[in-house]
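Data block for run34.cif (mmCIF, C-alpha atoms):
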```
data_my_file
loop_
_atom_site.label_atom_id
_atom_site.label_comp_id
_atom_site.auth_asym_id
_atom_site.auth_seq_id
_atom_site.Cartn_x
_atom_site.Cartn_y
_atom_site.Cartn_z
CA MET A 1 44.00 163.95 128.22
CA GLY A 2 43.10 161.27 125.68
CA ARG A 3 44.57 163.48 123.00
CA GLY A 4 47.84 163.77 124.97
CA LEU A 5 48.09 160.01 125.27
CA ASN A 6 47.42 159.63 121.60
CA GLY A 7 50.27 162.02 120.84
CA LEU A 8 52.57 160.12 123.20
CA GLY A 9 51.65 156.82 121.57
CA ARG A 10 52.38 158.23 118.14
CA ALA A 11 55.76 159.52 119.31
CA LEU A 12 56.62 156.12 120.79
CA LEU A 13 55.59 154.39 117.58
CA THR A 14 57.73 156.75 115.54
CA ALA A 15 60.69 156.18 117.86
CA LEU A 16 60.21 152.43 117.56
CA ILE A 17 60.14 152.58 113.77
CA VAL A 18 63.26 154.74 113.70
CA ALA A 19 65.05 152.35 116.07
CA MET A 20 64.10 149.38 113.90
CA LEU A 21 65.27 151.13 110.77
CA LEU A 22 68.56 152.08 112.41
CA SER A 23 69.20 148.56 113.69
CA GLY A 24 68.40 147.16 110.23
CA PHE A 25 70.78 149.64 108.66
CA TRP A 26 73.47 148.79 111.23
CA ALA A 27 73.09 145.07 110.58
CA CYS A 28 73.44 145.61 106.83
CA ALA A 29 76.38 147.97 107.16
CA ARG A 30 78.43 145.59 109.29
CA PRO A 31 80.31 142.90 107.38
CA PRO A 32 78.73 139.50 108.03
CA ALA A 33 80.46 137.66 110.83
CA MET A 34 82.42 134.67 109.55
CA THR A 35 81.48 131.38 111.11
CA PRO A 36 82.92 127.92 110.56
CA SER A 37 80.99 126.09 107.89
CA VAL A 38 81.12 123.54 105.13
CA PRO A 39 83.62 124.77 102.48
CA LYS A 40 81.71 127.51 100.75
CA PRO A 41 81.92 128.32 97.04
CA LEU A 42 82.74 131.93 96.22
CA ALA A 43 83.38 133.48 92.84
CA GLY A 44 86.32 131.49 91.46
CA ALA A 45 87.31 129.98 94.79
CA VAL A 46 86.18 127.97 97.77
CA ARG A 47 86.34 129.34 101.32
CA PHE A 48 87.55 126.95 104.00
CA THR A 49 86.97 127.87 107.64
CA LEU A 50 87.99 126.13 110.81
CA LEU A 51 87.60 126.93 114.48
CA ALA A 52 90.91 126.03 116.12
CA PRO A 53 91.29 127.60 119.59
CA GLY A 54 94.88 127.76 120.75
CA ALA A 55 96.41 126.97 117.35
CA THR A 56 99.36 129.06 116.25
CA GLN A 57 99.47 127.82 112.66
CA VAL A 58 96.88 126.08 110.52
CA PHE A 59 97.43 124.70 107.01
CA LEU A 60 94.90 123.37 104.56
CA VAL A 61 96.32 120.24 102.96
CA GLY A 62 94.68 118.16 100.27
CA SER A 63 94.67 116.56 96.86
CA PHE A 64 94.44 119.99 95.23
CA ASN A 65 97.86 121.03 96.53
CA GLY A 66 99.48 117.60 96.17
CA TRP A 67 99.29 117.09 99.94
CA ALA A 68 102.08 119.63 100.37
CA ASN A 69 101.99 120.44 104.07
CA LYS A 70 102.83 124.11 103.90
CA ALA A 71 101.43 125.10 100.53
CA THR A 72 98.17 126.61 101.78
CA PRO A 73 98.43 128.48 105.09
CA MET A 74 95.20 129.68 106.67
CA LYS A 75 94.80 133.12 108.25
CA ILE A 76 93.27 133.78 111.62
CA VAL A 77 90.28 136.10 111.70
CA GLU A 78 91.27 138.91 114.06
CA GLY A 79 89.95 138.59 117.57
CA SER A 80 88.70 135.05 117.10
CA SER A 81 89.85 131.44 116.90
CA LEU A 82 88.55 131.15 113.38
CA TRP A 83 90.97 130.32 110.58
CA SER A 84 90.10 130.89 106.97
CA VAL A 85 91.50 130.64 103.46
CA ASP A 86 90.06 131.04 99.97
CA VAL A 87 91.42 128.59 97.42
CA PRO A 88 90.71 128.48 93.70
CA LEU A 89 89.75 124.88 92.91
CA ALA A 90 89.05 123.04 89.69
CA GLU A 91 85.67 121.44 89.14
CA GLY A 92 85.48 118.00 90.69
CA GLU A 93 85.98 116.36 94.05
CA HIS A 94 88.92 117.09 96.31
CA THR A 95 89.91 115.47 99.58
CA PHE A 96 91.45 117.51 102.38
CA MET A 97 92.43 117.77 106.04
CA TYR A 98 93.74 120.51 108.29
CA LEU A 99 97.24 120.44 109.74
CA ILE A 100 97.48 122.27 113.04
CA ASP A 101 100.80 123.56 114.35
CA GLY A 102 102.60 121.31 111.89
CA VAL A 103 101.88 118.15 113.87
CA ARG A 104 98.19 117.54 114.37
CA TRP A 105 96.13 116.28 111.41
CA MET A 106 92.52 117.17 111.86
CA THR A 107 89.56 115.76 109.99
CA PRO A 108 87.38 118.67 108.86
CA PRO A 109 84.50 118.98 111.31
CA GLN A 110 82.36 120.11 108.40
CA ALA A 111 82.48 118.89 104.81
CA GLU A 112 80.09 117.78 102.12
CA GLU A 113 81.31 114.21 102.36
CA PHE A 114 83.91 112.22 104.22
CA VAL A 115 86.21 109.47 103.06
CA THR A 116 88.56 107.17 104.92
CA ASP A 117 92.12 107.57 103.74
CA GLY A 118 93.21 103.94 104.06
CA PHE A 119 95.69 104.92 106.77
CA GLY A 120 93.22 105.15 109.63
CA GLN A 121 92.11 108.73 109.27
CA THR A 122 89.23 110.46 107.55
CA ASN A 123 89.46 113.13 104.89
CA GLY A 124 86.80 115.70 104.15
CA VAL A 125 85.60 115.99 100.57
CA VAL A 126 84.81 119.26 98.85
CA ILE A 127 82.79 119.05 95.65
CA VAL A 128 83.24 121.89 93.17
CA ARG A 129 80.48 122.09 90.56
CA MET B 1 115.78 108.86 46.76
CA ARG B 2 112.58 106.92 47.21
CA THR B 3 114.36 104.49 49.56
CA ARG B 4 115.58 107.41 51.65
CA ILE B 5 112.08 108.88 51.90
CA ASP B 6 110.74 105.45 52.86
CA SER B 7 113.34 105.04 55.58
CA VAL B 8 112.65 108.55 56.96
CA MET B 9 108.93 107.77 56.99
CA GLY B 10 109.69 104.50 58.73
CA VAL B 11 111.71 106.23 61.44
CA LEU B 12 108.98 108.83 61.87
CA SER B 13 106.34 106.10 62.17
CA VAL B 14 108.34 104.29 64.82
CA MET B 15 108.81 107.57 66.73
CA ALA B 16 105.10 108.33 66.49
CA ALA B 17 104.23 104.83 67.67
CA LEU B 18 106.64 105.13 70.60
CA THR B 19 105.22 108.52 71.56
CA ALA B 20 101.69 107.12 71.42
CA THR B 21 102.67 104.18 73.62
CA VAL B 22 104.29 106.48 76.15
CA ALA B 23 101.21 108.73 76.22
CA TRP B 24 98.93 105.72 76.64
CA ALA B 25 101.08 103.95 79.20
CA GLU B 26 101.55 107.11 81.26
CA PRO B 27 104.72 106.06 83.10
CA LEU B 28 105.87 108.06 86.07
CA SER B 29 107.63 111.27 85.07
CA VAL B 30 111.05 112.15 86.43
CA GLN B 31 109.56 115.29 87.97
CA ASP B 32 106.89 113.32 89.82
CA ARG B 33 109.46 110.83 91.04
CA ASP B 34 111.77 113.61 92.28
CA ALA B 35 108.97 115.56 93.91
CA ILE B 36 107.71 112.52 95.78
CA THR B 37 111.20 111.50 96.84
CA ARG B 38 111.71 115.02 98.21
CA LEU B 39 108.39 114.87 100.03
CA GLY B 40 109.46 111.56 101.55
CA SER B 41 112.88 112.79 102.60
CA ALA B 42 111.27 115.81 104.26
CA GLN B 43 109.45 113.24 106.40
CA GLY B 44 112.68 111.37 107.11
CA ARG B 45 112.10 108.59 104.57
CA SER B 46 115.02 107.32 102.55
CA GLU B 47 114.89 106.99 98.78
CA ASN B 48 115.15 103.20 99.17
CA GLU B 49 111.93 103.11 101.16
CA ILE B 50 110.02 105.17 98.62
CA ALA B 51 111.39 103.61 95.42
CA PRO B 52 109.25 100.42 95.62
CA LEU B 53 106.10 102.52 95.84
CA LEU B 54 107.08 104.54 92.81
CA ASP B 55 108.10 101.39 90.91
CA HIS B 56 104.67 99.95 91.62
CA VAL B 57 102.96 103.07 90.28
CA ASN B 58 105.21 103.01 87.25
CA LYS B 59 104.30 99.41 86.47
CA VAL B 60 100.61 100.20 86.76
CA GLY B 61 101.11 103.04 84.29
CA GLU B 62 102.97 100.77 81.90
CA ARG B 63 99.94 98.49 81.89
CA GLY B 64 97.87 101.38 80.61
CA LEU B 65 96.01 102.08 83.83
CA PRO B 66 95.64 105.61 85.22
CA THR B 67 98.15 106.44 87.93
CA GLU B 68 96.99 109.81 89.22
CA SER B 69 95.01 108.42 92.16
CA LEU B 70 97.90 106.16 93.15
CA LEU B 71 100.41 109.00 93.02
CA ASN B 72 98.13 111.14 95.11
CA LYS B 73 97.82 108.36 97.66
CA VAL B 74 101.61 108.10 97.92
CA ARG B 75 101.87 111.87 98.39
CA GLU B 76 99.10 111.81 100.97
CA GLY B 77 100.61 108.96 102.92
CA LEU B 78 104.06 110.51 103.00
CA ALA B 79 102.69 113.93 103.94
CA LYS B 80 100.81 112.36 106.86
CA GLY B 81 103.93 110.61 108.04
CA VAL B 82 102.71 107.10 107.17
CA GLU B 83 105.44 104.49 106.83
CA PRO B 84 105.97 103.47 103.18
CA LYS B 85 105.38 99.84 104.08
CA ARG B 86 101.90 100.82 105.22
CA ILE B 87 101.27 102.77 102.03
CA ASP B 88 102.10 99.74 99.89
CA PRO B 89 99.02 97.58 100.72
CA VAL B 90 96.74 100.55 100.16
CA LEU B 91 98.27 101.04 96.71
CA ARG B 92 97.83 97.35 95.92
CA GLN B 93 94.19 97.41 96.88
CA MET B 94 93.61 100.49 94.75
CA THR B 95 95.45 98.85 91.86
CA SER B 96 93.28 95.78 92.08
CA ARG B 97 90.18 97.96 91.81
CA LEU B 98 91.64 99.80 88.83
CA GLU B 99 92.18 96.44 87.13
CA SER B 100 88.60 95.32 87.83
CA ALA B 101 87.35 98.66 86.55
CA HIS B 102 89.40 98.28 83.39
CA GLU B 103 88.03 94.77 82.80
CA VAL B 104 84.39 95.65 83.30
CA LEU B 105 84.70 98.68 81.04
CA GLN B 106 86.44 96.62 78.40
CA GLU B 107 83.55 94.20 78.57
CA ALA B 108 81.12 97.09 78.03
CA GLY B 109 83.29 98.29 75.17
CA SER B 110 83.18 94.89 73.54
CA ARG B 111 79.39 95.21 73.46
CA GLY B 112 79.76 98.45 71.52
CA MET B 113 79.63 101.02 74.32
CA GLU B 114 81.68 104.06 73.39
CA GLU B 115 84.62 104.99 75.57
CA GLY B 116 84.38 108.68 76.54
CA ASN B 117 87.29 109.72 78.73
CA ARG B 118 88.96 106.37 79.38
CA GLN B 119 91.19 107.38 82.30
CA ARG B 120 88.36 109.11 84.09
CA ALA B 121 86.06 106.18 83.42
CA ILE B 122 88.51 103.74 84.99
CA GLU B 123 89.19 105.89 88.04
CA THR B 124 85.50 106.58 88.62
CA MET B 125 84.60 102.91 88.20
CA ALA B 126 87.38 101.93 90.62
CA GLU B 127 85.93 104.36 93.13
CA ALA B 128 82.49 102.87 92.57
CA PHE B 129 83.88 99.46 93.47
CA SER B 130 85.62 100.85 96.53
CA ARG B 131 82.27 102.25 97.68
CA GLY B 132 80.41 99.01 97.26
CA ALA B 133 79.22 98.71 93.65
CA THR B 134 79.58 95.21 92.23
CA VAL B 135 80.43 93.93 88.76
CA ASP B 136 76.94 92.43 88.42
CA GLU B 137 75.36 95.77 89.22
CA VAL B 138 77.53 97.46 86.63
CA ARG B 139 76.43 94.88 84.04
CA GLU B 140 72.82 95.54 84.94
CA LEU B 141 73.33 99.29 84.61
CA SER B 142 75.04 98.76 81.30
CA ARG B 143 72.03 96.77 80.09
CA LEU B 144 69.49 99.30 81.38
CA SER B 145 71.32 102.28 79.96
CA GLN B 146 71.44 100.90 76.44
CA ASP B 147 67.65 100.63 76.17
CA GLY B 148 66.98 104.33 75.72
CA ARG B 149 67.52 106.78 72.91
CA HIS B 150 70.66 108.07 74.57
CA LYS B 151 73.51 105.60 74.32
CA ALA B 152 75.65 105.97 77.40
CA THR B 153 79.43 105.97 77.15
CA GLN B 154 81.77 103.99 79.40
CA GLU B 155 82.52 107.19 81.26
CA GLU B 156 78.80 107.66 81.96
CA LEU B 157 78.51 104.01 82.96
CA ALA B 158 81.27 104.57 85.51
CA ALA B 159 79.50 107.65 86.86
CA GLY B 160 76.32 105.59 87.00
CA ALA B 161 78.09 102.87 88.97
CA LYS B 162 79.45 105.43 91.41
CA SER B 163 75.99 106.97 91.73
CA LEU B 164 74.51 103.58 92.52
CA ALA B 165 77.20 103.00 95.14
CA VAL B 166 76.37 106.37 96.72
CA MET B 167 72.67 105.50 96.83
CA LYS B 168 73.46 102.17 98.45
CA GLU B 169 75.39 104.07 101.10
CA GLY B 170 72.06 105.78 101.82
CA ARG B 171 70.51 102.33 102.32
CA VAL B 172 68.69 102.40 99.00
CA PRO B 173 68.20 98.82 97.78
CA SER B 174 70.48 97.96 94.89
CA LYS B 175 67.61 97.10 92.53
CA ASP B 176 65.78 100.39 93.12
CA GLY B 177 68.98 102.39 92.87
CA ALA B 178 69.99 100.67 89.64
CA ALA B 179 66.53 101.30 88.15
CA LEU B 180 66.74 105.00 89.00
CA VAL B 181 70.32 105.45 87.79
CA GLY B 182 69.56 103.42 84.66
CA GLU B 183 66.59 105.67 83.92
CA GLY B 184 68.77 108.75 84.37
CA MET B 185 71.32 107.32 81.98
CA LYS B 186 68.60 106.51 79.45
CA GLN B 187 67.41 110.10 79.66
CA GLY B 188 70.91 111.34 78.93
CA TYR B 189 71.76 112.66 82.39
CA ARG B 190 75.31 113.95 82.49
CA SER B 191 77.74 112.30 84.90
CA SER B 192 77.53 115.27 87.28
CA GLU B 193 73.72 115.10 87.22
CA LEU B 194 73.75 111.41 88.06
CA LEU B 195 76.11 112.03 90.96
CA ASP B 196 74.12 114.97 92.28
CA LEU B 197 70.94 112.92 92.07
CA SER B 198 72.55 110.07 93.98
CA ARG B 199 73.87 112.38 96.71
CA GLU B 200 70.42 113.88 97.14
CA VAL B 201 68.85 110.43 97.34
CA LYS B 202 71.51 109.40 99.86
CA ARG B 203 70.82 112.46 101.98
CA ARG B 204 67.15 111.57 101.98
CA GLY B 205 67.81 107.88 102.47
CA SER B 206 65.69 107.65 105.60
CA ASP B 207 62.78 109.43 103.85
CA PHE B 208 62.74 106.69 101.23
CA GLU B 209 63.29 103.98 103.79
CA GLU B 210 60.44 105.14 105.98
CA GLY B 211 58.03 105.84 103.14
CA ARG B 212 58.04 109.64 103.35
CA ALA B 213 59.31 109.75 99.78
CA SER B 214 59.13 107.35 96.89
CA LEU B 215 61.95 106.29 94.62
CA LYS B 216 59.42 105.02 92.14
CA ALA B 217 57.90 108.52 91.91
CA ILE B 218 61.35 110.01 91.40
CA ARG B 219 62.07 107.45 88.68
CA GLU B 220 58.82 108.32 86.94
CA GLN B 221 59.75 111.99 87.00
CA VAL B 222 63.12 111.11 85.49
CA SER B 223 61.46 108.98 82.82
CA ARG B 224 59.27 111.97 81.90
CA GLY B 225 62.45 113.84 81.15
CA GLU B 226 62.74 116.01 84.27
CA ARG B 227 66.30 116.98 85.02
CA SER B 228 67.88 116.19 88.34
CA ASP B 229 67.86 119.79 89.58
CA ARG B 230 64.03 119.87 89.35
CA LEU B 231 63.30 116.61 91.11
CA PHE B 232 63.36 117.78 94.72
CA LYS B 233 62.26 121.38 94.18
CA ASP B 234 58.80 120.95 95.69
CA GLU B 235 60.15 119.76 98.97
CA GLY B 236 61.93 122.93 99.95
CA HIS B 237 65.30 121.74 98.72
CA SER B 238 66.84 122.94 95.54
CA GLY B 239 68.23 119.47 95.51
CA SER B 240 70.59 117.95 93.10
CA GLY B 241 71.49 119.42 89.85
CA GLY B 242 74.36 119.85 87.62
CA GLY B 243 73.75 123.49 86.98
CA ASP B 244 75.10 126.50 88.68
CA ARG B 245 74.18 126.19 92.29
CA GLY B 246 75.62 129.54 93.27
CA ASP B 247 75.78 129.30 96.98
CA ARG B 248 74.70 125.72 96.45
CA GLY B 249 71.21 127.04 97.19
CA ASP B 250 70.64 123.76 98.90
CA ARG B 251 69.84 125.02 102.34
CA GLY B 252 67.95 121.95 103.37
CA GLY B 253 70.68 119.68 102.18
CA ARG B 254 73.35 121.84 103.63
CA ASP B 255 71.64 122.08 106.98
CA ARG B 256 71.53 118.33 107.08
CA ARG B 257 75.16 118.15 106.13
CA GLU B 258 76.04 120.63 108.82
CA ASP B 259 74.00 118.69 111.33
CA SER B 260 75.91 115.59 110.31
CA SER B 261 79.11 117.53 110.57
CA ARG B 262 78.26 118.64 114.05
CA GLU B 263 77.47 115.09 115.08
CA ARG B 264 80.72 114.01 113.59
CA SER B 265 82.59 116.79 115.40
CA GLU B 266 81.08 115.76 118.70
CA ARG B 267 81.98 112.16 118.02
CA GLN B 268 85.55 113.14 117.23
CA ASP B 269 85.73 115.07 120.46
CA ARG B 270 84.71 111.89 122.19
CA ASP B 271 87.40 110.01 120.27
CA ARG B 272 89.95 112.50 121.43
CA SER B 273 88.82 112.54 125.02
CA GLY B 274 90.90 109.44 125.61
CA GLY B 275 94.04 111.51 125.47
CA GLY B 276 96.22 111.79 122.38
CA ASP B 277 95.51 113.99 119.46
CA ARG B 278 94.72 112.86 115.97
CA SER B 279 98.30 112.81 114.83
CA ASP B 280 98.89 109.59 116.67
CA ARG B 281 95.82 108.12 115.07
CA ILE B 282 98.02 107.57 112.03
CA GLU B 283 99.98 105.09 114.03
CA ARG B 284 96.94 103.61 115.72
CA PRO B 285 94.31 103.28 113.05
CA GLU B 286 92.37 100.80 115.14
CA ARG B 287 91.27 103.65 117.36
CA VAL B 288 89.48 105.60 114.71
CA ASP B 289 86.66 105.28 112.29
CA ARG B 290 86.60 101.57 112.63
CA PRO B 291 84.64 100.08 109.77
CA GLU B 292 81.43 98.56 110.94
CA ARG B 293 81.35 96.18 108.02
CA PRO B 294 84.46 94.05 108.30
CA GLU B 295 84.14 92.65 104.79
CA LYS B 296 84.76 96.14 103.47
CA SER B 297 87.68 97.22 105.52
CA ASP B 298 87.81 100.72 104.10
CA ARG B 299 84.18 101.72 104.51
CA ILE B 300 82.76 103.21 107.60
CA GLU B 301 79.22 103.81 108.59
CA ARG B 302 77.92 106.83 110.39
CA PRO B 303 74.47 107.41 111.76
CA GLU B 304 73.43 109.25 108.65
CA ARG B 305 75.88 108.16 106.06
CA LEU B 306 78.26 105.57 104.88
CA GLU B 307 81.53 107.09 104.04
CA ARG B 308 83.78 106.68 101.14
CA SER B 309 87.08 105.06 100.94
CA GLU B 310 90.55 105.89 99.87
CA ARG B 311 89.75 108.47 97.29
CA SER B 312 92.63 110.66 96.54
CA GLY B 313 90.34 113.30 95.13
CA SER B 314 92.37 114.19 92.16
CA GLY B 315 90.13 116.88 90.85
CA ARG B 316 87.38 116.49 88.34
CA ASP B 317 86.00 113.04 88.20
CA HIS B 318 82.50 113.51 87.14
#
```

When written as structure tokens, how does the structure in this file appear?
Amino acid sequence: MGRGLNGLGRALLTALIVAMLLSGFWACARPPAMTPSVPKPLAGAVRFTLLAPGATQVFLVGSFNGWANKATPMKIVEGSSLWSVDVPLAEGEHTFMYLIDGVRWMTPPQAEEFVTDGFGQTNGVVIVR
Amino acid sequence: MRTRIDSVMGVLSVMAALTATVAWAEPLSVQDRDAITRLGSAQGRSENEIAPLLDHVNKVGERGLPTESLLNKVREGLAKGVEPKRIDPVLRQMTSRLESAHEVLQEAGSRGMEEGNRQRAIETMAEAFSRGATVDEVRELSRLSQDGRHKATQEELAAGAKSLAVMKEGRVPSKDGAALVGEGMKQGYRSSELLDLSREVKRRGSDFEEGRASLKAIREQVSRGERSDRLFKDEGHSGSGGGDRGDRGDRGGRDRREDSSRERSERQDRDRSGGGDRSDRIERPERVDRPERPEKSDRIERPERLERSERSGSGRDH
């Protein structure tokens, strides 16, 4: 009887280990979910992300593109409200905002620093080292 | 024959002198003027409204001051739909800071401090002033930085001034901040190292204020020659540092930044809850980010940080 239980316990333990291994493998195999964050340095670029539910168009506008409204469109991540774009930036500090649907200027919810623009709004600052 | 050669040389000298003046004065290029006029007209602004702004920038350039930050501010204002007459006072304030920066750097130069990148030095120093550094503090930094083996340049002095301003934003007393920045400059910290150090100190401002960390200890580490990226290593933060930060490695710092960002996001939601979106904030600046220190109309204070003012962010400045 005791021996039977022992065997059952071992089988359960093995099943548990296999399940853990599989879930670990599954987690590694899936691409990491993108979440909104402070502009993130990648190789040769910086990734900007913004959660903008209901937006139909989002542009990244800043000192690096001469504040040209439509120069840097962001792409929506399928099945989410997350917008993202990777931009190659020179070393230094760059100010930026998001332009939503061509009319609404939005201060970045997340940035390394913030700076008032002198016109009553606040720019985010991205620092490229 | 000799006369002809002399006259050719004369003409060439005049041409070279003119070219040098143009390069130094950095007047507004036709392309810049056209591009900005186009940007303005896309926003429904006539050439007549924009011309005074461009003339102002041009005059600043003719006086030998850098114009990049001013041009960027014009572009930014027009892109955001700001009326040119509201852009003008912002430009004037920025110009006044550029002039002060030029003067204080000239003063340092007259005491034998080497120039470095002059344009960058002026723009960085102007930003330092906009963020709260004073001429007296710059003089003190200049004095401190010349004591060591490493002789700082004007460009490094400007970065030092900006670093001190950043530390003051983190409520670090001016004297302590100047001593730390001065020590960094004496030890030959690069501009980027000074700025990273100051940002880290600013982030930990409350730790220093409440005695959980000591600026004196940090200064002693700096005086022993430790680089800025080593200073905060023991505390679970990779900290400042001019080196390759990869994913910025600075989880602690980043987490704090993200926390601040979240607070800020929530605050903005509250701002918006009154109705209109942020686009109309351009027309009603009194509703947003009201400076808490009226004597510095362009600075605003947040629970965890003082923010910076009117930087156009024209790329590398440190």

TODO: Quote the spacing between CA of Glu93 in chain A and CA of Arg129 in chain A in Å to one decimal place.
DONE: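 Calculated distance between CA of Glu93 in chain A and CA of Arg129 in chain A is 8.7 Å.
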
Task: Spatial neighbours of Ser191 in chain B, max dist 12 Å, only C-alpha atoms, sep filter under 4 positions, as a VMD selection string - done: (chain A and resid 92 129) or (chain B and resid 116 to 117 120 to 121 124 152 to 163 181 184 to 185 187 195 to 198 228 241 to 242 316 to 318)

Open item on the list: Evaluated on this file, the PyMOL selection byres ((chain A) within 8 of (chain B)) picks out some residues - which ones are they, written as a PyMOL selection string?
Closed with: chain A and resi 37-38+40-42+62-64+66-69+90-95+103-106+109-122+125+129

- [ ] Starting from the shown file, work through the PyMOL selection byres ((chain B and resi 182) around 9) and note down what comes out as a PyMOL selection string.
- [x] chain B and resi 140-146+160+177-181+183-187

Open item on the list: Calculated over all atoms listed in the file, which of the candidates A:Ile17, A:Ala11, A:Ile127, A:Met74 has the smallest distance to Ala52 in chain A?
Closed with: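 Closest candidate: A:Met74.
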
I want to know what sits within 12 Å of Arg47 in chain A, based on all atoms listed in the file, with residues of the same chain fewer than 2 positions away left out; could you give that as an mmCIF file with C-alpha atoms, in the frame of the given file?
```
data_model
loop_
_atom_site.group_PDB
_atom_site.id
_atom_site.type_symbol
_atom_site.label_atom_id
_atom_site.label_comp_id
_atom_site.auth_asym_id
_atom_site.auth_seq_id
_atom_site.Cartn_x
_atom_site.Cartn_y
_atom_site.Cartn_z
ATOM 1 C CA MET A 34 82.420 134.670 109.550
ATOM 2 C CA THR A 35 81.480 131.380 111.110
ATOM 3 C CA PRO A 36 82.920 127.920 110.560
ATOM 4 C CA SER A 37 80.990 126.090 107.890
ATOM 5 C CA VAL A 38 81.120 123.540 105.130
ATOM 6 C CA PRO A 39 83.620 124.770 102.480
ATOM 7 C CA LYS A 40 81.710 127.510 100.750
ATOM 8 C CA PRO A 41 81.920 128.320 97.040
ATOM 9 C CA LEU A 42 82.740 131.930 96.220
ATOM 10 C CA ALA A 43 83.380 133.480 92.840
ATOM 11 C CA GLY A 44 86.320 131.490 91.460
ATOM 12 C CA ALA A 45 87.310 129.980 94.790
ATOM 13 C CA THR A 49 86.970 127.870 107.640
ATOM 14 C CA LEU A 50 87.990 126.130 110.810
ATOM 15 C CA LEU A 60 94.900 123.370 104.560
ATOM 16 C CA MET A 74 95.200 129.680 106.670
ATOM 17 C CA LYS A 75 94.800 133.120 108.250
ATOM 18 C CA TRP A 83 90.970 130.320 110.580
ATOM 19 C CA SER A 84 90.100 130.890 106.970
ATOM 20 C CA VAL A 85 91.500 130.640 103.460
ATOM 21 C CA ASP A 86 90.060 131.040 99.970
ATOM 22 C CA VAL A 87 91.420 128.590 97.420
ATOM 23 C CA PRO A 88 90.710 128.480 93.700
ATOM 24 C CA LEU A 89 89.750 124.880 92.910
ATOM 25 C CA ALA A 111 82.480 118.890 104.810
ATOM 26 C CA VAL A 126 84.810 119.260 98.850
ATOM 27 C CA VAL A 128 83.240 121.890 93.170
ATOM 28 C CA ASP B 247 75.780 129.300 96.980
#
```

- [ ] Please evaluate the PyMOL selection byres ((chain B and resi 212-221) around 9) against the structure above and give the resulting residues as number ranges by chain.
- [x] B: 172, 176-177, 179-181, 183-184, 201, 204, 206-211, 222-227, 231-232

TODO: Would you mind reading off the distance between CA of Glu137 in chain B and CA of Glu193 in chain B, one decimal, in Å?
DONE: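 Interatomic distance here is 19.5 Å.
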
Polymer residues at most 6 Å from Met97 in chain A, all atoms listed in the file, same-chain spacing of 2 or more positions, as an mmCIF file with C-alpha atoms, in the coordinates of the input:
```
data_model
loop_
_atom_site.group_PDB
_atom_site.id
_atom_site.type_symbol
_atom_site.label_atom_id
_atom_site.label_comp_id
_atom_site.auth_asym_id
_atom_site.auth_seq_id
_atom_site.Cartn_x
_atom_site.Cartn_y
_atom_site.Cartn_z
ATOM 1 C CA VAL A 61 96.320 120.240 102.960
ATOM 2 C CA MET A 106 92.520 117.170 111.860
ATOM 3 C CA THR A 107 89.560 115.760 109.990
ATOM 4 C CA PRO A 108 87.380 118.670 108.860
ATOM 5 C CA ASN A 123 89.460 113.130 104.890
#
```
